[in-house]
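What's in protein_10.cif: mmCIF, C-alpha atoms
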```cif
data_protein
#
loop_
_atom_site.label_atom_id
_atom_site.label_comp_id
_atom_site.auth_asym_id
_atom_site.auth_seq_id
_atom_site.Cartn_x
_atom_site.Cartn_y
_atom_site.Cartn_z
CA MET A 1 -36.69 -44.49 14.42
CA ASP A 2 -38.16 -46.11 11.31
CA ARG A 3 -41.93 -46.18 11.99
CA SER A 4 -42.30 -49.10 9.56
CA SER A 5 -41.09 -51.38 12.35
CA ASN A 6 -44.21 -50.65 14.41
CA GLN A 7 -46.79 -50.46 11.62
CA VAL A 8 -48.77 -53.64 10.91
CA ALA A 9 -49.12 -54.55 7.26
CA ILE A 10 -51.80 -56.84 5.85
CA THR A 11 -50.26 -58.84 3.03
CA GLY A 12 -52.89 -61.52 2.58
CA ILE A 13 -56.65 -61.79 3.02
CA GLY A 14 -58.47 -65.06 2.51
CA ALA A 15 -62.22 -65.39 2.74
CA ILE A 16 -65.02 -67.82 2.12
CA SER A 17 -68.57 -66.56 2.43
CA PRO A 18 -72.01 -67.21 0.98
CA PHE A 19 -70.82 -65.06 -1.95
CA GLY A 20 -68.08 -67.59 -2.76
CA GLN A 21 -64.37 -67.98 -2.12
CA GLY A 22 -61.92 -65.09 -2.02
CA LEU A 23 -62.03 -61.36 -1.33
CA PRO A 24 -63.01 -60.54 -4.96
CA ALA A 25 -66.19 -62.65 -4.62
CA LEU A 26 -67.03 -60.88 -1.36
CA LYS A 27 -66.45 -57.48 -2.93
CA SER A 28 -68.52 -58.27 -6.03
CA GLY A 29 -71.50 -59.50 -4.02
CA LEU A 30 -71.52 -56.36 -1.90
CA LEU A 31 -71.15 -54.00 -4.87
CA GLU A 32 -74.04 -55.77 -6.59
CA CYS A 33 -76.16 -55.56 -3.41
CA ARG A 34 -76.91 -59.28 -3.48
CA SER A 35 -78.53 -60.58 -0.32
CA CYS A 36 -77.55 -64.13 0.63
CA LEU A 37 -80.36 -64.52 3.17
CA LYS A 38 -82.87 -67.30 2.48
CA PRO A 39 -84.51 -70.26 4.27
CA LEU A 40 -82.03 -72.87 5.57
CA SER A 41 -81.59 -75.81 3.18
CA ILE A 42 -78.25 -77.52 3.95
CA PHE A 43 -79.72 -79.44 6.92
CA ASP A 44 -82.99 -79.79 8.79
CA SER A 45 -82.90 -77.56 11.86
CA GLY A 46 -86.09 -79.00 13.30
CA LEU A 47 -87.52 -75.48 13.44
CA SER A 48 -90.67 -74.50 11.59
CA PRO A 49 -90.66 -72.52 9.46
CA ALA A 50 -87.06 -73.02 8.36
CA PRO A 51 -84.96 -70.15 9.74
CA VAL A 52 -83.65 -67.51 7.35
CA VAL A 53 -79.85 -67.81 7.12
CA ALA A 54 -76.88 -67.16 4.82
CA GLU A 55 -75.38 -70.54 3.94
CA ILE A 56 -72.57 -71.84 1.75
CA PRO A 57 -74.15 -74.65 -0.30
CA GLU A 58 -70.92 -76.44 -1.30
CA LEU A 59 -67.46 -76.26 0.22
CA PRO A 60 -64.37 -76.82 -1.94
CA ASN A 61 -62.38 -79.89 -0.90
CA VAL A 62 -59.14 -79.74 1.04
CA ASP A 63 -56.53 -82.47 1.26
CA GLN A 64 -56.86 -84.73 4.28
CA ARG A 65 -54.23 -85.13 7.02
CA PRO A 66 -53.67 -88.35 8.99
CA GLY A 67 -55.30 -88.36 12.41
CA PHE A 68 -57.19 -85.13 11.79
CA ARG A 69 -60.95 -84.84 11.34
CA LEU A 70 -62.20 -81.47 10.13
CA SER A 71 -65.47 -80.07 11.37
CA ARG A 72 -67.32 -77.73 9.02
CA THR A 73 -65.93 -74.80 11.03
CA ASP A 74 -62.39 -76.20 10.66
CA HIS A 75 -62.92 -76.71 6.93
CA LEU A 76 -63.94 -73.07 6.47
CA ALA A 77 -60.91 -71.88 8.47
CA VAL A 78 -58.46 -73.96 6.43
CA LEU A 79 -59.95 -72.75 3.13
CA ALA A 80 -59.63 -69.10 4.18
CA ALA A 81 -56.10 -69.59 5.55
CA LEU A 82 -54.86 -71.31 2.40
CA ASP A 83 -56.37 -68.48 0.36
CA ALA A 84 -54.68 -65.84 2.56
CA ALA A 85 -51.28 -67.55 2.39
CA LYS A 86 -51.49 -67.78 -1.40
CA VAL A 87 -52.26 -64.06 -1.66
CA ALA A 88 -49.39 -63.18 0.72
CA GLY A 89 -46.85 -65.10 -1.38
CA GLU A 90 -43.84 -67.16 -0.44
CA CYS A 91 -41.68 -66.20 2.50
CA SER A 92 -38.55 -67.88 3.85
CA ASP A 93 -39.66 -67.59 7.48
CA PHE A 94 -43.30 -68.49 6.93
CA VAL A 95 -42.73 -71.74 8.83
CA GLU A 96 -42.14 -69.60 11.95
CA ALA A 97 -45.53 -67.93 11.55
CA GLY A 98 -48.25 -68.35 14.15
CA ALA A 99 -52.03 -68.48 14.01
CA ILE A 100 -54.87 -67.07 16.08
CA ILE A 101 -58.24 -68.27 14.82
CA ALA A 102 -61.48 -67.26 16.48
CA THR A 103 -64.67 -69.26 16.73
CA THR A 104 -67.79 -69.62 18.85
CA VAL A 105 -69.22 -72.78 17.28
CA ALA A 106 -66.03 -74.78 16.58
CA GLY A 107 -66.91 -78.49 16.30
CA LEU A 108 -70.39 -77.98 17.73
CA SER A 109 -71.37 -77.71 14.06
CA GLU A 110 -71.10 -81.51 14.04
CA ILE A 111 -73.67 -82.06 16.76
CA GLU A 112 -76.74 -83.74 15.31
CA PRO A 113 -80.20 -84.32 16.84
CA GLY A 114 -79.31 -88.00 17.31
CA ILE A 115 -77.03 -87.17 20.21
CA VAL A 116 -80.06 -86.11 22.25
CA SER A 117 -82.12 -89.27 21.70
CA ASP A 118 -79.29 -91.81 22.15
CA PRO A 119 -75.84 -90.37 23.03
CA ALA A 120 -74.17 -93.79 23.38
CA LYS A 121 -75.30 -94.89 19.92
CA TYR A 122 -74.22 -91.54 18.47
CA TYR A 123 -70.67 -91.85 19.78
CA ARG A 124 -70.37 -95.53 18.84
CA ALA A 125 -71.34 -94.60 15.28
CA GLY A 126 -68.44 -92.17 14.94
CA GLY A 127 -69.50 -89.29 17.14
CA PHE A 128 -66.42 -89.68 19.36
CA ALA A 129 -64.19 -88.60 16.45
CA ARG A 130 -66.41 -85.55 16.03
CA ALA A 131 -66.04 -84.74 19.72
CA THR A 132 -62.31 -84.12 19.28
CA SER A 133 -63.14 -81.02 17.24
CA TYR A 134 -65.45 -79.44 19.82
CA GLN A 135 -62.82 -77.35 21.59
CA PRO A 136 -62.49 -73.72 20.37
CA SER A 137 -58.77 -74.17 19.67
CA HIS A 138 -59.44 -76.76 16.98
CA PRO A 139 -59.82 -74.38 13.97
CA ALA A 140 -56.46 -72.83 14.87
CA ASP A 141 -54.93 -76.31 15.19
CA ALA A 142 -56.28 -77.20 11.75
CA VAL A 143 -54.77 -74.06 10.19
CA ARG A 144 -51.45 -74.83 11.88
CA VAL A 145 -51.37 -78.38 10.51
CA TRP A 146 -52.55 -77.60 6.98
CA LEU A 147 -50.11 -74.71 6.55
CA GLY A 148 -47.20 -76.20 8.53
CA LEU A 149 -46.95 -73.31 10.98
CA ARG A 150 -44.59 -73.74 13.94
CA GLY A 151 -45.11 -70.40 15.66
CA PRO A 152 -47.57 -69.54 18.44
CA CYS A 153 -51.03 -70.96 17.93
CA TRP A 154 -54.27 -70.62 19.85
CA GLY A 155 -58.00 -70.12 19.56
CA VAL A 156 -60.03 -67.11 20.67
CA SER A 157 -63.63 -67.46 21.79
CA VAL A 158 -65.17 -64.28 23.19
CA ALA A 159 -68.50 -64.55 21.38
CA CYS A 160 -69.18 -62.19 18.48
CA ALA A 161 -66.12 -59.97 18.94
CA SER A 162 -63.82 -62.98 18.51
CA GLY A 163 -62.78 -62.53 14.86
CA ALA A 164 -61.78 -58.88 15.28
CA MET A 165 -60.06 -59.61 18.59
CA ALA A 166 -57.97 -62.37 16.98
CA ILE A 167 -56.68 -59.81 14.47
CA ALA A 168 -55.89 -57.29 17.22
CA LEU A 169 -54.03 -59.88 19.30
CA ALA A 170 -52.04 -61.09 16.30
CA ALA A 171 -51.12 -57.52 15.37
CA THR A 172 -49.74 -57.00 18.87
CA MET A 173 -47.64 -60.15 18.52
CA VAL A 174 -45.97 -59.12 15.27
CA MET A 175 -45.25 -55.67 16.70
CA THR A 176 -43.58 -57.16 19.78
CA GLY A 177 -41.58 -59.64 17.70
CA ASP A 178 -43.22 -62.80 19.07
CA ALA A 179 -43.56 -64.04 15.49
CA PRO A 180 -42.44 -62.66 12.13
CA ILE A 181 -45.85 -63.35 10.60
CA MET A 182 -49.24 -64.14 12.09
CA LEU A 183 -52.34 -65.55 10.46
CA ALA A 184 -55.45 -64.30 12.22
CA GLY A 185 -59.18 -64.32 11.69
CA GLY A 186 -62.31 -66.26 12.47
CA SER A 187 -64.44 -69.16 11.31
CA ASP A 188 -67.91 -70.41 12.16
CA ALA A 189 -70.43 -72.71 10.50
CA LEU A 190 -74.19 -72.92 10.74
CA ALA A 191 -75.22 -75.49 13.33
CA HIS A 192 -78.27 -77.00 14.99
CA TYR A 193 -76.81 -75.86 18.30
CA THR A 194 -76.69 -72.13 17.56
CA LEU A 195 -79.93 -71.99 15.61
CA SER A 196 -81.86 -73.61 18.44
CA GLY A 197 -80.08 -71.40 20.99
CA PHE A 198 -80.85 -68.10 19.29
CA ASN A 199 -84.37 -69.33 18.58
CA SER A 200 -84.88 -69.99 22.29
CA LEU A 201 -83.66 -66.44 23.00
CA ARG A 202 -86.27 -65.19 20.49
CA ALA A 203 -83.47 -63.33 18.74
CA LEU A 204 -84.03 -64.67 15.20
CA ASP A 205 -85.81 -62.57 12.59
CA PRO A 206 -88.22 -64.80 10.61
CA ASP A 207 -87.52 -62.58 7.59
CA PRO A 208 -84.27 -61.16 6.18
CA CYS A 209 -82.95 -58.86 8.89
CA ARG A 210 -82.97 -55.06 8.80
CA PRO A 211 -80.32 -53.74 11.20
CA PHE A 212 -80.84 -50.25 12.67
CA ASP A 213 -84.37 -50.02 11.29
CA LYS A 214 -87.07 -48.97 13.75
CA ASN A 215 -89.02 -52.08 12.67
CA ARG A 216 -86.15 -54.54 13.17
CA LYS A 217 -87.07 -57.94 14.64
CA GLY A 218 -83.76 -59.69 15.25
CA LEU A 219 -80.83 -61.33 13.50
CA ASN A 220 -80.19 -64.00 10.88
CA LEU A 221 -77.26 -66.39 11.29
CA GLY A 222 -74.65 -66.94 8.59
CA GLU A 223 -71.46 -68.90 8.09
CA GLY A 224 -68.02 -68.24 6.67
CA ALA A 225 -64.41 -67.48 7.48
CA ALA A 226 -61.80 -64.80 6.91
CA VAL A 227 -58.09 -64.97 7.66
CA PHE A 228 -55.51 -62.16 7.46
CA VAL A 229 -51.74 -62.42 7.05
CA LEU A 230 -50.13 -59.82 9.32
CA GLU A 231 -46.51 -58.70 9.57
CA THR A 232 -44.69 -55.47 10.29
CA LEU A 233 -44.45 -53.06 7.39
CA GLU A 234 -40.65 -53.36 7.64
CA HIS A 235 -40.85 -57.16 7.29
CA ALA A 236 -43.25 -56.91 4.36
CA ARG A 237 -40.97 -54.49 2.55
CA SER A 238 -37.90 -56.66 3.21
CA ARG A 239 -39.50 -59.51 1.28
CA HIS A 240 -41.04 -57.21 -1.36
CA ALA A 241 -44.57 -58.27 -0.47
CA ARG A 242 -47.61 -56.42 -1.75
CA VAL A 243 -49.23 -54.51 1.10
CA ILE A 244 -53.02 -54.68 0.83
CA ALA A 245 -53.70 -52.37 3.76
CA VAL A 246 -52.21 -51.19 7.03
CA LEU A 247 -53.83 -51.86 10.38
CA ARG A 248 -53.18 -48.49 12.00
CA GLY A 249 -54.92 -48.96 15.31
CA TRP A 250 -57.01 -51.29 17.43
CA ALA A 251 -58.54 -51.49 20.87
CA MET A 252 -60.25 -54.14 23.00
CA THR A 253 -62.57 -53.34 25.91
CA ASN A 254 -65.32 -54.91 28.01
CA ASP A 255 -68.63 -53.49 29.22
CA ALA A 256 -68.39 -55.27 32.62
CA PHE A 257 -72.18 -55.05 32.57
CA HIS A 258 -74.12 -58.25 31.77
CA HIS A 259 -73.57 -61.74 30.38
CA THR A 260 -75.69 -61.21 27.25
CA ALA A 261 -77.12 -57.67 27.17
CA PRO A 262 -74.94 -54.76 26.03
CA ASP A 263 -74.35 -51.73 28.20
CA GLU A 264 -77.38 -49.56 27.41
CA GLN A 265 -75.25 -46.49 26.70
CA GLY A 266 -72.67 -48.42 24.68
CA ARG A 267 -69.88 -47.19 26.93
CA GLY A 268 -67.52 -50.13 26.40
CA LEU A 269 -67.85 -49.98 22.62
CA ALA A 270 -67.40 -46.20 22.67
CA ASP A 271 -64.21 -46.64 24.70
CA SER A 272 -62.83 -49.07 22.09
CA ILE A 273 -63.62 -46.61 19.28
CA VAL A 274 -61.87 -43.72 21.02
CA SER A 275 -58.87 -45.83 22.06
CA ALA A 276 -58.42 -47.25 18.56
CA MET A 277 -58.41 -43.73 17.08
CA ALA A 278 -55.86 -42.64 19.67
CA MET A 279 -53.57 -45.57 18.83
CA ALA A 280 -53.96 -44.91 15.09
CA ASP A 281 -53.29 -41.20 15.67
CA VAL A 282 -56.30 -40.21 13.57
CA ALA A 283 -59.01 -37.68 14.35
CA ALA A 284 -62.68 -38.64 14.43
CA ASP A 285 -63.24 -36.66 11.21
CA ALA A 286 -60.69 -38.87 9.40
CA ILE A 287 -62.85 -41.99 9.68
CA GLY A 288 -64.55 -42.30 6.29
CA TYR A 289 -66.66 -45.38 7.02
CA VAL A 290 -67.68 -47.60 9.92
CA ASN A 291 -68.66 -51.20 9.30
CA SER A 292 -70.88 -51.69 12.31
CA HIS A 293 -71.64 -54.71 14.44
CA GLY A 294 -75.28 -54.10 13.52
CA THR A 295 -77.07 -57.34 14.38
CA GLY A 296 -80.65 -56.15 14.01
CA THR A 297 -81.58 -56.96 17.61
CA PRO A 298 -83.43 -54.21 19.52
CA LEU A 299 -80.97 -53.81 22.40
CA ASN A 300 -77.71 -54.11 20.44
CA ASP A 301 -78.61 -51.59 17.75
CA ILE A 302 -79.68 -48.90 20.23
CA ALA A 303 -76.57 -49.40 22.39
CA GLU A 304 -74.37 -49.22 19.30
CA VAL A 305 -75.92 -45.94 18.17
CA LYS A 306 -75.24 -44.54 21.65
CA ALA A 307 -71.63 -45.67 21.29
CA TYR A 308 -71.27 -43.74 18.03
CA GLU A 309 -72.76 -40.64 19.59
CA THR A 310 -70.13 -40.83 22.35
CA GLY A 311 -67.18 -42.12 20.35
CA PHE A 312 -67.58 -39.64 17.48
CA ARG A 313 -68.73 -36.61 19.47
CA ALA A 314 -65.69 -34.69 18.21
CA ARG A 315 -66.71 -35.07 14.55
CA SER A 316 -67.91 -32.08 12.57
CA SER A 317 -70.30 -34.25 10.49
CA PRO A 318 -72.16 -37.56 10.91
CA VAL A 319 -70.07 -40.69 10.38
CA PRO A 320 -71.12 -43.04 7.52
CA VAL A 321 -72.29 -46.36 9.01
CA SER A 322 -73.72 -49.60 7.62
CA SER A 323 -74.27 -53.20 8.66
CA THR A 324 -73.27 -55.81 6.10
CA LYS A 325 -74.89 -58.51 8.23
CA SER A 326 -77.90 -57.51 6.14
CA PHE A 327 -76.10 -59.24 3.23
CA PHE A 328 -74.69 -62.42 4.78
CA GLY A 329 -76.06 -62.67 8.29
CA HIS A 330 -74.30 -62.87 11.62
CA CYS A 331 -71.34 -65.24 11.32
CA LEU A 332 -70.63 -65.19 15.07
CA GLY A 333 -66.90 -65.83 15.70
CA ALA A 334 -66.14 -65.13 12.03
CA ALA A 335 -68.17 -61.90 11.91
CA GLY A 336 -65.44 -59.49 12.99
CA ALA A 337 -62.88 -60.94 10.58
CA LEU A 338 -65.28 -61.06 7.62
CA GLU A 339 -66.38 -57.50 8.33
CA ALA A 340 -62.76 -56.37 8.51
CA ALA A 341 -62.33 -57.86 5.04
CA VAL A 342 -65.51 -56.06 3.93
CA THR A 343 -64.15 -52.76 5.23
CA ILE A 344 -60.94 -53.14 3.23
CA ALA A 345 -62.89 -54.28 0.14
CA GLY A 346 -64.97 -51.09 0.34
CA MET A 347 -61.85 -48.96 0.72
CA GLN A 348 -60.30 -50.62 -2.35
CA ALA A 349 -63.46 -50.00 -4.38
CA SER A 350 -64.04 -46.48 -2.97
CA ALA A 351 -67.52 -47.68 -2.10
CA LEU A 352 -69.64 -47.26 1.01
CA PHE A 353 -71.74 -50.40 1.24
CA PRO A 354 -75.34 -49.89 2.41
CA THR A 355 -77.48 -51.65 4.98
CA LEU A 356 -80.01 -53.63 2.97
CA ARG A 357 -83.73 -53.16 3.78
CA LEU A 358 -83.01 -50.14 5.98
CA THR A 359 -85.85 -47.71 5.26
CA ASP A 360 -86.77 -46.15 8.62
CA PRO A 361 -83.52 -45.84 10.57
CA ILE A 362 -82.99 -45.06 14.23
CA GLU A 363 -82.64 -41.30 14.45
CA SER A 364 -79.21 -40.05 15.47
CA PRO A 365 -77.35 -36.82 14.74
CA ALA A 366 -74.06 -38.76 14.90
CA VAL A 367 -74.75 -41.23 12.09
CA ASP A 368 -74.99 -40.92 8.31
CA TRP A 369 -77.02 -44.06 7.54
CA LEU A 370 -76.00 -45.77 4.30
CA MET A 371 -79.08 -47.04 2.46
CA GLY A 372 -80.05 -48.11 -1.04
CA GLU A 373 -77.14 -48.52 -3.46
CA PRO A 374 -73.41 -48.36 -2.67
CA ARG A 375 -72.17 -44.78 -2.46
CA GLN A 376 -69.05 -44.13 -4.51
CA GLN A 377 -66.69 -42.17 -2.32
CA PRO A 378 -62.99 -42.43 -1.39
CA ILE A 379 -62.40 -43.90 2.07
CA PRO A 380 -59.01 -42.73 3.37
CA VAL A 381 -59.45 -44.47 6.71
CA GLY A 382 -62.00 -47.18 7.55
CA MET A 383 -63.11 -48.74 10.82
CA THR A 384 -64.90 -51.92 11.81
CA VAL A 385 -66.41 -52.50 15.24
CA SER A 386 -67.48 -55.73 16.89
CA ALA A 387 -69.33 -56.52 20.12
CA GLY A 388 -70.29 -59.78 21.78
CA PHE A 389 -71.93 -61.58 24.66
CA GLY A 390 -70.06 -60.99 27.88
CA GLY A 391 -69.51 -57.35 26.90
CA SER A 392 -66.43 -57.88 24.70
CA ASN A 393 -65.72 -55.10 22.18
CA THR A 394 -63.05 -54.60 19.52
CA SER A 395 -62.44 -51.75 17.07
CA LEU A 396 -59.99 -51.94 14.15
CA ILE A 397 -58.81 -49.05 11.95
CA PHE A 398 -57.41 -49.59 8.44
CA GLU A 399 -55.66 -47.44 5.87
CA LEU A 400 -54.75 -48.23 2.29
CA PRO A 401 -51.03 -48.17 1.36
CA GLY A 402 -49.76 -45.06 -0.37
CA ASP A 403 -51.59 -42.64 1.90
CA SER A 404 -49.51 -39.73 3.15
CA LYS A 405 -49.83 -40.89 6.76
CA LEU A 406 -47.74 -44.01 6.10
CA PRO A 407 -43.99 -43.80 6.69
#
```
Can you turn what I pasted into structure tokens?
Amino acid sequence: MDRSSNQVAITGIGAISPFGQGLPALKSGLLECRSCLKPLSIFDSGLSPAPVVAEIPELPNVDQRPGFRLSRTDHLAVLAALDAAKVAGECSDFVEAGAIIATTVAGLSEIEPGIVSDPAKYYRAGGFARATSYQPSHPADAVRVWLGLRGPCWGVSVACASGAMAIALAATMVMTGDAPIMLAGGSDALAHYTLSGFNSLRALDPDPCRPFDKNRKGLNLGEGAAVFVLETLEHARSRHARVIAVLRGWAMTNDAFHHTAPDEQGRGLADSIVSAMAMADVAADAIGYVNSHGTGTPLNDIAEVKAYETGFRARSSPVPVSSTKSFFGHCLGAAGALEAAVTIAGMQASALFPTLRLTDPIESPAVDWLMGEPRQQPIPVGMTVSAGFGGSNTSLIFELPGDSKLP
């Protein structure tokens, strides 16, 4: 049997982040160790002092469609999807492609303080049109309309694992033949709603965050989107598409523990790591880099370290780990997709990106903490892990084309 029929190729990656539009902008910002974290300026959150975030000051325009109002989250998703489709190139059956776009905020980015003081006035003044974009399926609907996709289409909203899970679900669909091509990723915008929510949970760091540091105080929110074009390796080769990377393995699990807190031992995340390696048919020692979930919150970071100690117990050396949320914040439903793009960008550049501001890391014999400047080193196989409220976990494993493991 030709194994190319059950290998998932990535032929397009589109991204928009605080670094700018496109994967090259994302890669450049990370290689230059530029932090995007600064006090919020694009709207007044009502919080004092202004929360530290990673924002996109200006969004490029997209053409309008009759009867469709784009929220900021939708706008980000469409920009990333158009970028991904352009990179993937023309395809005769692209119209049959589907889309799975993840989000946690969706149209809640359009909620303004005025809705609290006078809801009736808010909706009479145009708020009702905004309300149509509140549902979590709306970013996927926007991508479908703007790209003319007639295949399966739905939204995924499982908190902060959503973006990675959308990619895993789409990969399963192309392998089973449900669609010849799938666009998958995540999108989320900064919003009053989420800033006030995380502030009430006392989860926000008043300064730029420092994931995995013993002196960490919490997270910073960010915004952005990343969308992948996925198809079988056989399909990609049949249309002579350039293969950016291969998604060798993935796994989705749940802690079944608590609505917001992670399992203290990181068992669910460890299970996803081990299962993804089993699907990819790679040993623990083959993983050259892990882009962590790494939020900077006390409970999450400890649980994640425990997961690495369990998931990589078979390794002969510590696994290199960093959190790039220290660059562009926690983008919620977009985080897993953006960090998947980051992982591939690092593999392309043979660079292990560091965790910014990490100076006194949590001690663990399982982890090689990446600090300071990017470390130049080939990455034959890379992994990204994501975790979210409700105990959802997803691990993705990537390999560059041309490696001996590919058929």
Q: Report as a ChimeraX atom specification the full result of the PyMOL selection byres ((chain A and resi 264) around 10) when it is applied to this structure.
A: /A:255,257,261-263,265-268,299-304,306-307
Selection file, C-alpha atoms, as an mmCIF file, keeping the file's coordinate frame:
```cif
data_model
loop_
_atom_site.group_PDB
_atom_site.id
_atom_site.type_symbol
_atom_site.label_atom_id
_atom_site.label_comp_id
_atom_site.auth_asym_id
_atom_site.auth_seq_id
_atom_site.Cartn_x
_atom_site.Cartn_y
_atom_site.Cartn_z
ATOM 1 C CA ASP A 255 -68.630 -53.490 29.220
ATOM 2 C CA PHE A 257 -72.180 -55.050 32.570
ATOM 3 C CA ALA A 261 -77.120 -57.670 27.170
ATOM 4 C CA PRO A 262 -74.940 -54.760 26.030
ATOM 5 C CA ASP A 263 -74.350 -51.730 28.200
ATOM 6 C CA GLN A 265 -75.250 -46.490 26.700
ATOM 7 C CA GLY A 266 -72.670 -48.420 24.680
ATOM 8 C CA ARG A 267 -69.880 -47.190 26.930
ATOM 9 C CA GLY A 268 -67.520 -50.130 26.400
ATOM 10 C CA LEU A 299 -80.970 -53.810 22.400
ATOM 11 C CA ASN A 300 -77.710 -54.110 20.440
ATOM 12 C CA ASP A 301 -78.610 -51.590 17.750
ATOM 13 C CA ILE A 302 -79.680 -48.900 20.230
ATOM 14 C CA ALA A 303 -76.570 -49.400 22.390
ATOM 15 C CA GLU A 304 -74.370 -49.220 19.300
ATOM 16 C CA LYS A 306 -75.240 -44.540 21.650
ATOM 17 C CA ALA A 307 -71.630 -45.670 21.290
#
```
Q) Looking at A:Met383, A:Ala106, A:Ala99, A:Ala171, which one is nearest to Ser292 of chain A, with distances taken over all atoms listed in the file? A)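 Of A:Met383, A:Ala106, A:Ala99, A:Ala171, the one nearest Ser292 of chain A, counting all atoms listed in the file, is A:Met383.
Every residue that the PyMOL selection byres ((chain A and resi 384) around 9) selects in this file is listed here: Ala164, Tyr289, Val290, Asn291, Ser292, His293, Gly336, Glu339, Ala340, Val342, Thr343, Gly382, Met383, Val385, Ser386, Thr394, Ser395, Leu396, Ile397 and Phe398 of chain A.
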**Q.** Target residues per the PyMOL selection byres ((chain A and resi 272-286) around 6), formatted as a ChimeraX atom specification
**A.** /A:248-253,269-271,287,311-312,315,395
When you look at Ala226 of chain A with a cut-off of 8 Å (counting all atoms listed in the file), what residues show up, excluding the ones that are within fewer than 6 positions of it in the same chain? I need them as a short mmCIF file (atom, residue, chain, number, x, y, z; two decimals) with C-alpha atoms, in the coordinates of the input.
```cif
data_model
loop_
_atom_site.label_atom_id
_atom_site.label_comp_id
_atom_site.auth_asym_id
_atom_site.auth_seq_id
_atom_site.Cartn_x
_atom_site.Cartn_y
_atom_site.Cartn_z
CA ILE A 13 -56.65 -61.79 3.02
CA GLY A 14 -58.47 -65.06 2.51
CA ALA A 15 -62.22 -65.39 2.74
CA ILE A 16 -65.02 -67.82 2.12
CA ALA A 77 -60.91 -71.88 8.47
CA ALA A 80 -59.63 -69.10 4.18
CA ALA A 81 -56.10 -69.59 5.55
CA GLY A 185 -59.18 -64.32 11.69
CA GLY A 186 -62.31 -66.26 12.47
CA SER A 187 -64.44 -69.16 11.31
CA ALA A 334 -66.14 -65.13 12.03
CA ALA A 337 -62.88 -60.94 10.58
CA LEU A 338 -65.28 -61.06 7.62
CA ALA A 341 -62.33 -57.86 5.04
#
```
List as a Markdown table every residue of segment 324-366 of chain A that is in contact with segment 138-161 of chain A, defined as an atom at most 7 Å from one of its atoms (using all atoms listed in the file), together with the nearest atom pair and the distance in Å rounded to one decimal, sorted by chain and then rising number.
```
| residue | atom | partner | partner_atom | distance |
| --- | --- | --- | --- | --- |
| A:Leu332 | CA | A:Cys160 | CA | 4.8 |
| A:Gly333 | CA | A:Cys160 | CA | 5.1 |
| A:Ala335 | CA | A:Cys160 | CA | 6.7 |
| A:Gly336 | CA | A:Ala161 | CA | 6.0 |
```
